[in-house]
Amino acid sequence: MSDSKLAGQFFDAAIGLLTRVRDEEADSIAAAGAAVADTVEAGGRLFAFGAGHSSLAAQDVVYRAGGLALMNLLTVPGAVGVDVMPATLGSALERVDGLASAVLDSSPATAGDLLVIVSLSGRNALPVEMAQNARALGLKVIGLTSVAYAEGTRSRHASGGFLRDHCDIVLDSKIAIGDAELTSPGVDAPFAPASTVVTSAIMQAMLAAAVERLVARGIEPPMLRSGNVDGGHEWNGRVMTEYRDRIFYRH
């Protein structure tokens, strides 16, 4: 059986995007890593949020092997999208005014903490208000988004602004409007989205930069090991006990 031409094209597209992000966003990723390191060193807490499929990149850095133990998921009920019925409700919730404020007010996030907000388009009310309100509370906000949407679409927030307009640091995923890398005769819609691959890579690169910065300052980063290697559970138990006041996925 011959190789799939379209499969190869997707890999080429994804690799191209990853190369662009590596080269063009290096300074921003380093700055984001430094902000994470600063928060860890100062005793602050770390949170990640994403709505819809953007939540996948946020979830990818929370309670996982090789991950920073202090990263917590800021959850908005129903906003993951595919965990509610109908799934379209998740998309609708992204456009609800006031939801972000209610979530932040009931969360443990407070001044001195850091929040990473992942939103591909950055145009809906939920991520925009999340960034606005988080900064008003005194959090450092890192926005991971596609700047192309801010330049080629209209905001759905009353302010007319996008996520990128309310962040301390912006990480641009370079994803084109529509999030589909391939077209083919016989298929009326473009397909093969690469945003999850790219945003997850950016999140991991940001945390790698944070680890590097912490080690340079003589601080051992609290990392999690795989529970599927010998001693992993014991290691993680010690880490989570030591940092229990900054970890909320066990409560």
# chains A, B, ... in the order shown; residues from 1 in each chain; ligands from 1
call {"tool": "select_by_dssp", "arguments": {"residues": "segment 98-131 of chain A", "states": "helix (DSSP H, G or I)", "output": "list in words"}}
result
Leu99, Ala100, Ser101, Ala102, Val103, Leu104, Asp105, Ala125, Leu126, Pro127, Val128, Glu129, Met130 and Ala131 of chain A
call {"tool": "select_by_dssp", "arguments": {"residues": "segment 52-195 of chain A", "states": "strand (DSSP E or B)", "output": "PyMOL selection string"}}
result
chain A and resi 68+71-73+114-118+140-145+169-172+182-184+187-191
call {"tool": "write_last_selection", "arguments": {"atoms": "C-alpha atoms", "output": "PDB file, in the first residue's frame"}}
result
ATOM      1  CA  LEU A  68       5.224  21.183  36.070  1.00  0.00           C
ATOM      2  CA  MET A  71       0.053  24.114  36.706  1.00  0.00           C
ATOM      3  CA  ASN A  72      -3.692  24.022  37.425  1.00  0.00           C
ATOM      4  CA  LEU A  73      -6.634  23.935  35.022  1.00  0.00           C
ATOM      5  CA  LEU A 114      -0.338  33.677  36.484  1.00  0.00           C
ATOM      6  CA  LEU A 115      -2.955  32.595  33.953  1.00  0.00           C
ATOM      7  CA  VAL A 116      -2.321  31.227  30.469  1.00  0.00           C
ATOM      8  CA  ILE A 117      -5.362  31.671  28.222  1.00  0.00           C
ATOM      9  CA  VAL A 118      -5.501  29.586  25.057  1.00  0.00           C
ATOM     10  CA  LYS A 140      -0.129  38.073  34.981  1.00  0.00           C
ATOM     11  CA  VAL A 141      -1.827  36.977  31.744  1.00  0.00           C
ATOM     12  CA  ILE A 142      -0.218  35.101  28.859  1.00  0.00           C
ATOM     13  CA  GLY A 143      -2.393  34.775  25.776  1.00  0.00           C
ATOM     14  CA  LEU A 144      -1.827  31.987  23.255  1.00  0.00           C
ATOM     15  CA  THR A 145      -3.784  32.833  20.126  1.00  0.00           C
ATOM     16  CA  ILE A 169       2.555  38.502  26.838  1.00  0.00           C
ATOM     17  CA  VAL A 170       1.120  37.245  23.534  1.00  0.00           C
ATOM     18  CA  LEU A 171       2.191  33.988  21.887  1.00  0.00           C
ATOM     19  CA  ASP A 172       1.163  33.763  18.220  1.00  0.00           C
ATOM     20  CA  LEU A 182      -5.455  20.902   3.508  1.00  0.00           C
ATOM     21  CA  THR A 183      -7.824  20.999   0.546  1.00  0.00           C
ATOM     22  CA  SER A 184      -8.575  18.260  -1.951  1.00  0.00           C
ATOM     23  CA  VAL A 187     -13.974  17.737  -0.534  1.00  0.00           C
ATOM     24  CA  ASP A 188     -15.926  20.972  -0.363  1.00  0.00           C
ATOM     25  CA  ALA A 189     -14.473  22.127   2.972  1.00  0.00           C
ATOM     26  CA  PRO A 190     -10.815  22.539   3.984  1.00  0.00           C
ATOM     27  CA  PHE A 191      -9.662  19.998   6.555  1.00  0.00           C
TER      28      PHE A 191
END
call {"tool": "closest_residue", "arguments": {"among": "A:Gly16, A:Gly8, A:Gly67, A:Gly227", "to": "Met203 of chain A", "atoms": "only C-alpha atoms"}}
result
A:Gly67
call {"tool": "closest_residue", "arguments": {"among": "A:Val229, A:Leu120, A:Ile202, A:Leu139", "to": "Ile29 of chain A", "atoms": "only C-alpha atoms"}}
result
A:Ile202
call {"tool": "residues_around", "arguments": {"residues": "Ser121 of chain A", "least_positions_apart": "3", "cutoff": "8 Å", "atoms": "only C-alpha atoms", "output": "list in words"}}
result
Asn124, Thr145, Ser146, Val147, Tyr149, Ala150 and Ile177 of chain A
